[in-house]
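Structure file upload05.pdb with PDB, C-alpha atoms:
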MODEL        1
ATOM      1  CA  MET A   1      44.184 212.214  67.541  1.00  0.00           C
ATOM      2  CA  ALA A   2      41.976 210.692  70.189  1.00  0.00           C
ATOM      3  CA  ALA A   3      43.154 210.242  73.740  1.00  0.00           C
ATOM      4  CA  ASN A   4      45.114 207.017  74.254  1.00  0.00           C
ATOM      5  CA  CYS A   5      45.308 206.552  70.506  1.00  0.00           C
ATOM      6  CA  MET A   6      47.526 203.626  69.523  1.00  0.00           C
ATOM      7  CA  CYS A   7      47.731 204.543  65.860  1.00  0.00           C
ATOM      8  CA  ASN A   8      51.264 205.941  65.883  1.00  0.00           C
ATOM      9  CA  GLU A   9      53.920 204.255  63.798  1.00  0.00           C
ATOM     10  CA  THR A  10      54.915 200.929  65.340  1.00  0.00           C
ATOM     11  CA  GLY A  11      58.624 201.494  64.740  1.00  0.00           C
ATOM     12  CA  VAL A  12      61.045 198.859  65.973  1.00  0.00           C
ATOM     13  CA  LEU A  13      59.743 195.825  67.836  1.00  0.00           C
ATOM     14  CA  ILE A  14      62.101 193.772  69.963  1.00  0.00           C
ATOM     15  CA  PHE A  15      61.629 190.192  71.056  1.00  0.00           C
ATOM     16  CA  SER A  16      63.839 188.255  73.440  1.00  0.00           C
ATOM     17  CA  CYS A  17      63.995 184.537  74.037  1.00  0.00           C
ATOM     18  CA  SER A  18      63.691 185.192  77.796  1.00  0.00           C
ATOM     19  CA  GLY A  19      64.745 181.630  78.384  1.00  0.00           C
ATOM     20  CA  GLY A  20      65.434 179.908  81.670  1.00  0.00           C
ATOM     21  CA  SER A  21      69.226 180.148  81.572  1.00  0.00           C
ATOM     22  CA  ASP A  22      71.484 183.036  82.528  1.00  0.00           C
ATOM     23  CA  VAL A  23      71.766 184.156  78.923  1.00  0.00           C
ATOM     24  CA  GLY A  24      67.982 183.800  78.556  1.00  0.00           C
ATOM     25  CA  GLU A  25      67.537 186.163  81.465  1.00  0.00           C
ATOM     26  CA  LEU A  26      70.142 188.482  80.014  1.00  0.00           C
ATOM     27  CA  SER A  27      68.335 188.592  76.667  1.00  0.00           C
ATOM     28  CA  ASP A  28      65.178 189.610  78.497  1.00  0.00           C
ATOM     29  CA  ARG A  29      66.891 192.302  80.532  1.00  0.00           C
ATOM     30  CA  VAL A  30      68.634 193.704  77.454  1.00  0.00           C
ATOM     31  CA  ALA A  31      65.352 193.923  75.545  1.00  0.00           C
ATOM     32  CA  ARG A  32      63.679 195.626  78.500  1.00  0.00           C
ATOM     33  CA  LYS A  33      66.569 198.037  78.801  1.00  0.00           C
ATOM     34  CA  MET A  34      66.314 198.990  75.147  1.00  0.00           C
ATOM     35  CA  ALA A  35      62.552 199.360  75.427  1.00  0.00           C
ATOM     36  CA  LYS A  36      62.874 201.504  78.533  1.00  0.00           C
ATOM     37  CA  CYS A  37      65.359 203.701  76.711  1.00  0.00           C
ATOM     38  CA  GLY A  38      62.920 204.212  73.857  1.00  0.00           C
ATOM     39  CA  GLN A  39      65.008 202.365  71.277  1.00  0.00           C
ATOM     40  CA  ALA A  40      62.377 199.759  70.544  1.00  0.00           C
ATOM     41  CA  LYS A  41      59.089 198.432  71.792  1.00  0.00           C
ATOM     42  CA  MET A  42      59.277 195.075  73.506  1.00  0.00           C
ATOM     43  CA  PHE A  43      56.679 192.562  72.464  1.00  0.00           C
ATOM     44  CA  CYS A  44      55.748 189.054  73.557  1.00  0.00           C
ATOM     45  CA  LEU A  45      57.489 186.180  71.806  1.00  0.00           C
ATOM     46  CA  SER A  46      55.069 183.705  73.356  1.00  0.00           C
ATOM     47  CA  GLY A  47      52.218 185.497  71.601  1.00  0.00           C
ATOM     48  CA  ILE A  48      53.937 184.883  68.276  1.00  0.00           C
ATOM     49  CA  GLY A  49      54.534 181.234  69.139  1.00  0.00           C
ATOM     50  CA  ALA A  50      50.892 180.886  70.107  1.00  0.00           C
ATOM     51  CA  HIS A  51      49.827 182.560  66.848  1.00  0.00           C
ATOM     52  CA  ILE A  52      47.667 185.095  68.659  1.00  0.00           C
ATOM     53  CA  PRO A  53      46.163 186.934  65.681  1.00  0.00           C
ATOM     54  CA  GLY A  54      46.304 190.371  67.306  1.00  0.00           C
ATOM     55  CA  MET A  55      49.976 189.960  68.073  1.00  0.00           C
ATOM     56  CA  ILE A  56      50.825 188.580  64.657  1.00  0.00           C
ATOM     57  CA  GLU A  57      49.015 191.423  62.922  1.00  0.00           C
ATOM     58  CA  SER A  58      50.558 194.040  65.215  1.00  0.00           C
ATOM     59  CA  THR A  59      54.011 192.643  64.489  1.00  0.00           C
ATOM     60  CA  LYS A  60      53.338 192.902  60.756  1.00  0.00           C
ATOM     61  CA  ALA A  61      52.974 196.650  61.287  1.00  0.00           C
ATOM     62  CA  ALA A  62      56.541 196.999  62.602  1.00  0.00           C
ATOM     63  CA  ASN A  63      59.215 198.785  60.589  1.00  0.00           C
ATOM     64  CA  LYS A  64      61.905 196.492  61.961  1.00  0.00           C
ATOM     65  CA  ILE A  65      61.847 193.386  64.110  1.00  0.00           C
ATOM     66  CA  ILE A  66      64.765 192.558  66.367  1.00  0.00           C
ATOM     67  CA  ALA A  67      65.264 189.141  67.913  1.00  0.00           C
ATOM     68  CA  ILE A  68      67.655 188.691  70.820  1.00  0.00           C
ATOM     69  CA  ASP A  69      68.637 185.153  71.692  1.00  0.00           C
ATOM     70  CA  GLY A  70      70.741 184.016  74.590  1.00  0.00           C
ATOM     71  CA  CYS A  71      72.194 180.909  73.008  1.00  0.00           C
ATOM     72  CA  PRO A  72      72.740 179.363  69.574  1.00  0.00           C
ATOM     73  CA  VAL A  73      69.451 177.444  69.701  1.00  0.00           C
ATOM     74  CA  SER A  74      68.019 180.794  68.575  1.00  0.00           C
ATOM     75  CA  CYS A  75      64.421 180.196  69.671  1.00  0.00           C
ATOM     76  CA  SER A  76      63.421 183.826  69.312  1.00  0.00           C
ATOM     77  CA  LYS A  77      64.753 184.138  65.773  1.00  0.00           C
ATOM     78  CA  LYS A  78      63.284 180.797  64.739  1.00  0.00           C
ATOM     79  CA  THR A  79      59.890 181.468  66.317  1.00  0.00           C
ATOM     80  CA  LEU A  80      59.583 184.754  64.461  1.00  0.00           C
ATOM     81  CA  GLU A  81      60.808 183.286  61.191  1.00  0.00           C
ATOM     82  CA  HIS A  82      58.423 180.374  61.583  1.00  0.00           C
ATOM     83  CA  ALA A  83      55.626 182.923  61.771  1.00  0.00           C
ATOM     84  CA  GLY A  84      56.876 184.444  58.522  1.00  0.00           C
ATOM     85  CA  PHE A  85      58.773 187.452  59.812  1.00  0.00           C
ATOM     86  CA  LYS A  86      62.117 188.716  58.613  1.00  0.00           C
ATOM     87  CA  VAL A  87      64.209 189.674  61.601  1.00  0.00           C
ATOM     88  CA  LEU A  88      67.444 191.325  62.611  1.00  0.00           C
ATOM     89  CA  ALA A  89      68.834 188.632  64.855  1.00  0.00           C
ATOM     90  CA  PHE A  90      71.374 189.011  67.629  1.00  0.00           C
ATOM     91  CA  ASN A  91      72.789 186.154  69.631  1.00  0.00           C
ATOM     92  CA  LEU A  92      74.430 186.883  72.956  1.00  0.00           C
ATOM     93  CA  LYS A  93      76.951 184.107  72.360  1.00  0.00           C
ATOM     94  CA  ASP A  94      78.235 186.030  69.357  1.00  0.00           C
ATOM     95  CA  ILE A  95      78.925 189.038  71.535  1.00  0.00           C
ATOM     96  CA  GLY A  96      80.773 187.200  74.229  1.00  0.00           C
ATOM     97  CA  PHE A  97      78.197 185.761  76.607  1.00  0.00           C
ATOM     98  CA  GLU A  98      78.532 182.052  77.248  1.00  0.00           C
ATOM     99  CA  LYS A  99      75.597 180.001  78.508  1.00  0.00           C
ATOM    100  CA  GLY A 100      76.156 178.961  82.120  1.00  0.00           C
ATOM    101  CA  LYS A 101      78.935 181.485  82.607  1.00  0.00           C
ATOM    102  CA  ALA A 102      77.210 184.793  81.975  1.00  0.00           C
ATOM    103  CA  LYS A 103      76.674 187.266  84.740  1.00  0.00           C
ATOM    104  CA  VAL A 104      73.399 189.148  84.653  1.00  0.00           C
ATOM    105  CA  ASN A 105      74.088 192.581  86.059  1.00  0.00           C
ATOM    106  CA  GLU A 106      73.911 196.201  84.993  1.00  0.00           C
ATOM    107  CA  GLU A 107      77.330 195.981  83.387  1.00  0.00           C
ATOM    108  CA  SER A 108      76.515 192.994  81.192  1.00  0.00           C
ATOM    109  CA  ILE A 109      73.083 194.390  80.307  1.00  0.00           C
ATOM    110  CA  GLU A 110      74.604 197.703  79.310  1.00  0.00           C
ATOM    111  CA  LYS A 111      77.373 196.023  77.337  1.00  0.00           C
ATOM    112  CA  ALA A 112      74.987 193.825  75.336  1.00  0.00           C
ATOM    113  CA  ALA A 113      72.491 196.634  74.752  1.00  0.00           C
ATOM    114  CA  SER A 114      75.253 198.940  73.559  1.00  0.00           C
ATOM    115  CA  ILE A 115      76.596 196.370  71.122  1.00  0.00           C
ATOM    116  CA  ILE A 116      73.146 195.668  69.731  1.00  0.00           C
ATOM    117  CA  ALA A 117      72.270 199.355  69.526  1.00  0.00           C
ATOM    118  CA  GLY A 118      75.562 200.183  67.865  1.00  0.00           C
ATOM    119  CA  GLY A 119      75.474 197.327  65.403  1.00  0.00           C
ATOM    120  CA  LYS A 120      73.100 196.433  62.646  1.00  0.00           C
ATOM    121  CA  ILE A 121      70.252 198.486  64.025  1.00  0.00           C
ATOM    122  CA  GLU A 122      72.150 201.728  64.406  1.00  0.00           C
ATOM    123  CA  GLU A 123      70.428 203.354  61.480  1.00  0.00           C
ATOM    124  CA  THR A 124      67.031 202.190  62.613  1.00  0.00           C
ATOM    125  CA  ILE A 125      67.510 203.415  66.131  1.00  0.00           C
ATOM    126  CA  SER A 126      68.716 206.800  64.999  1.00  0.00           C
ATOM    127  CA  ARG A 127      65.300 207.268  63.403  1.00  0.00           C
ATOM    128  CA  SER A 128      63.442 206.461  66.596  1.00  0.00           C
ATOM    129  CA  SER A 129      63.150 208.482  69.730  1.00  0.00           C
ATOM    130  CA  GLY A 130      66.802 208.236  70.660  1.00  0.00           C
ATOM    131  CA  GLY A 131      67.556 206.534  73.909  1.00  0.00           C
ATOM    132  CA  CYS A 132      69.889 206.371  76.816  1.00  0.00           C
ATOM    133  CA  CYS A 133      71.576 203.121  75.883  1.00  0.00           C
ATOM    134  CA  THR A 134      73.512 204.234  72.834  1.00  0.00           C
ATOM    135  CA  LYS A 135      76.923 205.606  73.539  1.00  0.00           C
TER     136      LYS A 135
ATOM    137  CA  MET B   1      29.053 188.366  60.468  1.00  0.00           C
ATOM    138  CA  LYS B   2      30.424 190.540  63.222  1.00  0.00           C
ATOM    139  CA  ILE B   3      32.952 193.209  62.323  1.00  0.00           C
ATOM    140  CA  GLU B   4      34.731 195.208  64.995  1.00  0.00           C
ATOM    141  CA  ILE B   5      37.003 198.194  64.589  1.00  0.00           C
ATOM    142  CA  LEU B   6      39.521 198.539  67.398  1.00  0.00           C
ATOM    143  CA  GLY B   7      40.760 202.035  68.076  1.00  0.00           C
ATOM    144  CA  ALA B   8      40.297 205.076  70.208  1.00  0.00           C
ATOM    145  CA  GLY B   9      38.352 206.946  67.556  1.00  0.00           C
ATOM    146  CA  CYS B  10      40.969 208.834  65.597  1.00  0.00           C
ATOM    147  CA  PRO B  11      40.558 209.639  61.876  1.00  0.00           C
ATOM    148  CA  LYS B  12      42.266 206.379  60.894  1.00  0.00           C
ATOM    149  CA  CYS B  13      39.751 204.386  62.933  1.00  0.00           C
ATOM    150  CA  LYS B  14      36.894 206.284  61.360  1.00  0.00           C
ATOM    151  CA  GLN B  15      38.275 205.664  57.887  1.00  0.00           C
ATOM    152  CA  LEU B  16      38.625 201.957  58.555  1.00  0.00           C
ATOM    153  CA  THR B  17      35.063 201.855  59.873  1.00  0.00           C
ATOM    154  CA  SER B  18      33.837 203.617  56.766  1.00  0.00           C
ATOM    155  CA  ASN B  19      35.762 201.205  54.516  1.00  0.00           C
ATOM    156  CA  ALA B  20      34.413 198.190  56.390  1.00  0.00           C
ATOM    157  CA  GLU B  21      30.861 199.464  56.101  1.00  0.00           C
ATOM    158  CA  ALA B  22      31.332 200.061  52.395  1.00  0.00           C
ATOM    159  CA  ALA B  23      32.840 196.606  51.886  1.00  0.00           C
ATOM    160  CA  ALA B  24      29.978 194.885  53.684  1.00  0.00           C
ATOM    161  CA  LYS B  25      27.443 196.894  51.731  1.00  0.00           C
ATOM    162  CA  GLU B  26      29.185 196.190  48.436  1.00  0.00           C
ATOM    163  CA  LEU B  27      29.186 192.461  49.125  1.00  0.00           C
ATOM    164  CA  ASN B  28      25.597 192.670  50.317  1.00  0.00           C
ATOM    165  CA  ILE B  29      26.529 191.035  53.603  1.00  0.00           C
ATOM    166  CA  GLN B  30      24.525 191.446  56.757  1.00  0.00           C
ATOM    167  CA  ALA B  31      27.196 192.599  59.160  1.00  0.00           C
ATOM    168  CA  GLU B  32      27.028 193.896  62.652  1.00  0.00           C
ATOM    169  CA  ILE B  33      29.706 196.587  62.710  1.00  0.00           C
ATOM    170  CA  GLY B  34      30.876 197.809  66.080  1.00  0.00           C
ATOM    171  CA  LYS B  35      33.665 199.866  67.568  1.00  0.00           C
ATOM    172  CA  VAL B  36      35.873 198.933  70.475  1.00  0.00           C
ATOM    173  CA  THR B  37      37.477 202.011  71.986  1.00  0.00           C
ATOM    174  CA  ASP B  38      38.413 200.718  75.424  1.00  0.00           C
ATOM    175  CA  ILE B  39      42.191 200.261  75.565  1.00  0.00           C
ATOM    176  CA  ASP B  40      41.962 197.313  77.943  1.00  0.00           C
ATOM    177  CA  LYS B  41      39.598 195.486  75.624  1.00  0.00           C
ATOM    178  CA  ILE B  42      41.803 196.279  72.646  1.00  0.00           C
ATOM    179  CA  THR B  43      44.886 194.865  74.357  1.00  0.00           C
ATOM    180  CA  GLU B  44      42.941 191.738  75.294  1.00  0.00           C
ATOM    181  CA  TYR B  45      43.001 190.978  71.583  1.00  0.00           C
ATOM    182  CA  GLY B  46      46.801 191.202  71.686  1.00  0.00           C
ATOM    183  CA  VAL B  47      46.647 194.287  69.520  1.00  0.00           C
ATOM    184  CA  MET B  48      49.443 196.764  70.013  1.00  0.00           C
ATOM    185  CA  MET B  49      48.699 199.002  67.084  1.00  0.00           C
ATOM    186  CA  THR B  50      45.424 200.472  65.960  1.00  0.00           C
ATOM    187  CA  PRO B  51      43.299 200.719  64.007  1.00  0.00           C
ATOM    188  CA  ALA B  52      42.672 197.014  63.964  1.00  0.00           C
ATOM    189  CA  LEU B  53      40.006 195.048  62.189  1.00  0.00           C
ATOM    190  CA  VAL B  54      38.346 192.062  63.812  1.00  0.00           C
ATOM    191  CA  ILE B  55      36.039 189.751  61.921  1.00  0.00           C
ATOM    192  CA  ASP B  56      34.027 187.227  63.872  1.00  0.00           C
ATOM    193  CA  GLY B  57      36.427 187.525  66.797  1.00  0.00           C
ATOM    194  CA  ILE B  58      39.646 187.133  64.791  1.00  0.00           C
ATOM    195  CA  VAL B  59      42.055 190.028  64.337  1.00  0.00           C
ATOM    196  CA  VAL B  60      42.739 190.259  60.621  1.00  0.00           C
ATOM    197  CA  SER B  61      44.779 193.454  60.571  1.00  0.00           C
ATOM    198  CA  ALA B  62      46.414 195.892  62.934  1.00  0.00           C
ATOM    199  CA  GLY B  63      48.187 199.191  62.567  1.00  0.00           C
ATOM    200  CA  LYS B  64      46.856 199.981  59.125  1.00  0.00           C
ATOM    201  CA  VAL B  65      43.812 201.275  57.350  1.00  0.00           C
ATOM    202  CA  LEU B  66      42.722 198.565  54.966  1.00  0.00           C
ATOM    203  CA  SER B  67      41.015 199.726  51.817  1.00  0.00           C
ATOM    204  CA  GLU B  68      37.499 198.721  50.922  1.00  0.00           C
ATOM    205  CA  ASP B  69      38.871 196.254  48.367  1.00  0.00           C
ATOM    206  CA  GLU B  70      41.258 194.693  50.875  1.00  0.00           C
ATOM    207  CA  ILE B  71      38.424 194.220  53.342  1.00  0.00           C
ATOM    208  CA  LYS B  72      36.234 192.730  50.665  1.00  0.00           C
ATOM    209  CA  LYS B  73      38.935 190.141  49.893  1.00  0.00           C
ATOM    210  CA  ILE B  74      39.208 189.196  53.556  1.00  0.00           C
ATOM    211  CA  ILE B  75      35.454 188.946  54.030  1.00  0.00           C
ATOM    212  CA  SER B  76      35.107 186.842  50.897  1.00  0.00           C
ATOM    213  CA  LYS B  77      37.615 184.218  52.035  1.00  0.00           C
TER     214      LYS B  77
ENDMDL
END

If you convert what's in this file into structure tokens, what do you get?
Amino acid sequence: MAANCMCNETGVLIFSCSGGSDVGELSDRVARKMAKCGQAKMFCLSGIGAHIPGMIESTKAANKIIAIDGCPVSCSKKTLEHAGFKVLAFNLKDIGFEKGKAKVNEESIEKAASIIAGGKIEETISRSSGGCCTK
Amino acid sequence: MKIEILGAGCPKCKQLTSNAEAAAKELNIQAEIGKVTDIDKITEYGVMMTPALVIDGIVVSAGKVLSEDEIKKIISK
């Protein structure tokens, strides 16, 4: 394999809504946490919304696509679905974070990441490089 | 037609290049086929996975080695 080769398996891609509210920020921080822990690769939702061909095609190469939304508007999930992708969607409201009342700190980030990692994507994550977020 | 193969030069990139050359030849299309190996330039296309195939500036695939037939279908569109 050549140096800096990017031809490894894409694995799990994670997208967050990264919206302007507290839960939007939390979704972003959770996705970054999971990416940092090696559980998924974070990718740019705006690139999907903008239909950037390179990003669309790269996303097609993913084994699994995770969408994390902060609120029930579900922009991340809907943006990805609009582009034709099937996603595993998580909404922070469903796991106890209320818009306008959520605290964004290490505790809440860890709690949300742990729930997501231990939920529907458990099997997927166990096939990846492991990670420090799963309990 | 300009065809670019994005990738650092691993066997998958070489295979995709070979398939693209064969597809262009088969369709009797005058194509300028080039390689982009610089990571910064590759990421400027928004590509996260290589090899990627770019036709006339548009990324048409990423993270897979398209067959000659698949490339022919794309070129013929």

- Once the PyMOL selection byres ((chain A) within 12 of (chain B)) has been applied to the shown file, what residues remain in the selection, as a ChimeraX atom specification? /A:1-11,13,41-48,50-63

- Item | Pairwise distance for CA of Glu4 (chain B) and CA of Gly49 (chain A), rounded to one decimal in Å | 24.6 Å

- Hey, what's within 7 Å of region 98-104 of chain A if we count only C-alpha atoms and toss same-chain stuff fewer than 6 positions away? As a ChimeraX atom specification, please? /A:22-23,26,71

Convert the current residue selection to file output with C-alpha atoms, as a tab-separated table (two decimals), in the frame of the given file.
chain	number	residue	atom	x	y	z
A	22	ASP	CA	71.48	183.04	82.53
A	23	VAL	CA	71.77	184.16	78.92
A	26	LEU	CA	70.14	188.48	80.01
A	71	CYS	CA	72.19	180.91	73.01

- Query: So what do you get for CA of Ser76 (chain B) versus CA of Val36 (chain B), distance-wise?
  - Reply: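 Computing it gives 23.0 Å between the two atoms.
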
- Task: Check what the PyMOL selection byres ((chain A and resi 32) around 12) selects in the file above and give those residues as a VMD selection string.
- Result: chain A and resid 13 to 18 25 to 31 33 to 44 68 109 to 110 112 to 113 133

- Select, from B:Ile55, B:Ile75, B:Ile3, B:Ile29, the residue with the minimum atom-to-atom distance to Thr17 (chain B), counting only C-alpha atoms.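 Using only C-alpha atoms, the shortest distance to Thr17 (chain B) belongs to B:Ile3.
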
- Item | Expected selection from the PyMOL selection byres ((chain B and resi 66-70) around 6), given as a ChimeraX atom specification | /B:19,23,65,71-73

- Task: Rank A:Ile115, A:Ser74, A:Gly20, A:Lys64 by their smallest atom-to-atom distance to Val87 (chain A), using all atoms listed in the file, and report the top residue only.
- Result: A:Lys64

- Straight-line distance linking CA of Ser21 (chain A) with CA of Asp69 (chain A), stated in Å to one decimal: 11.1 Å
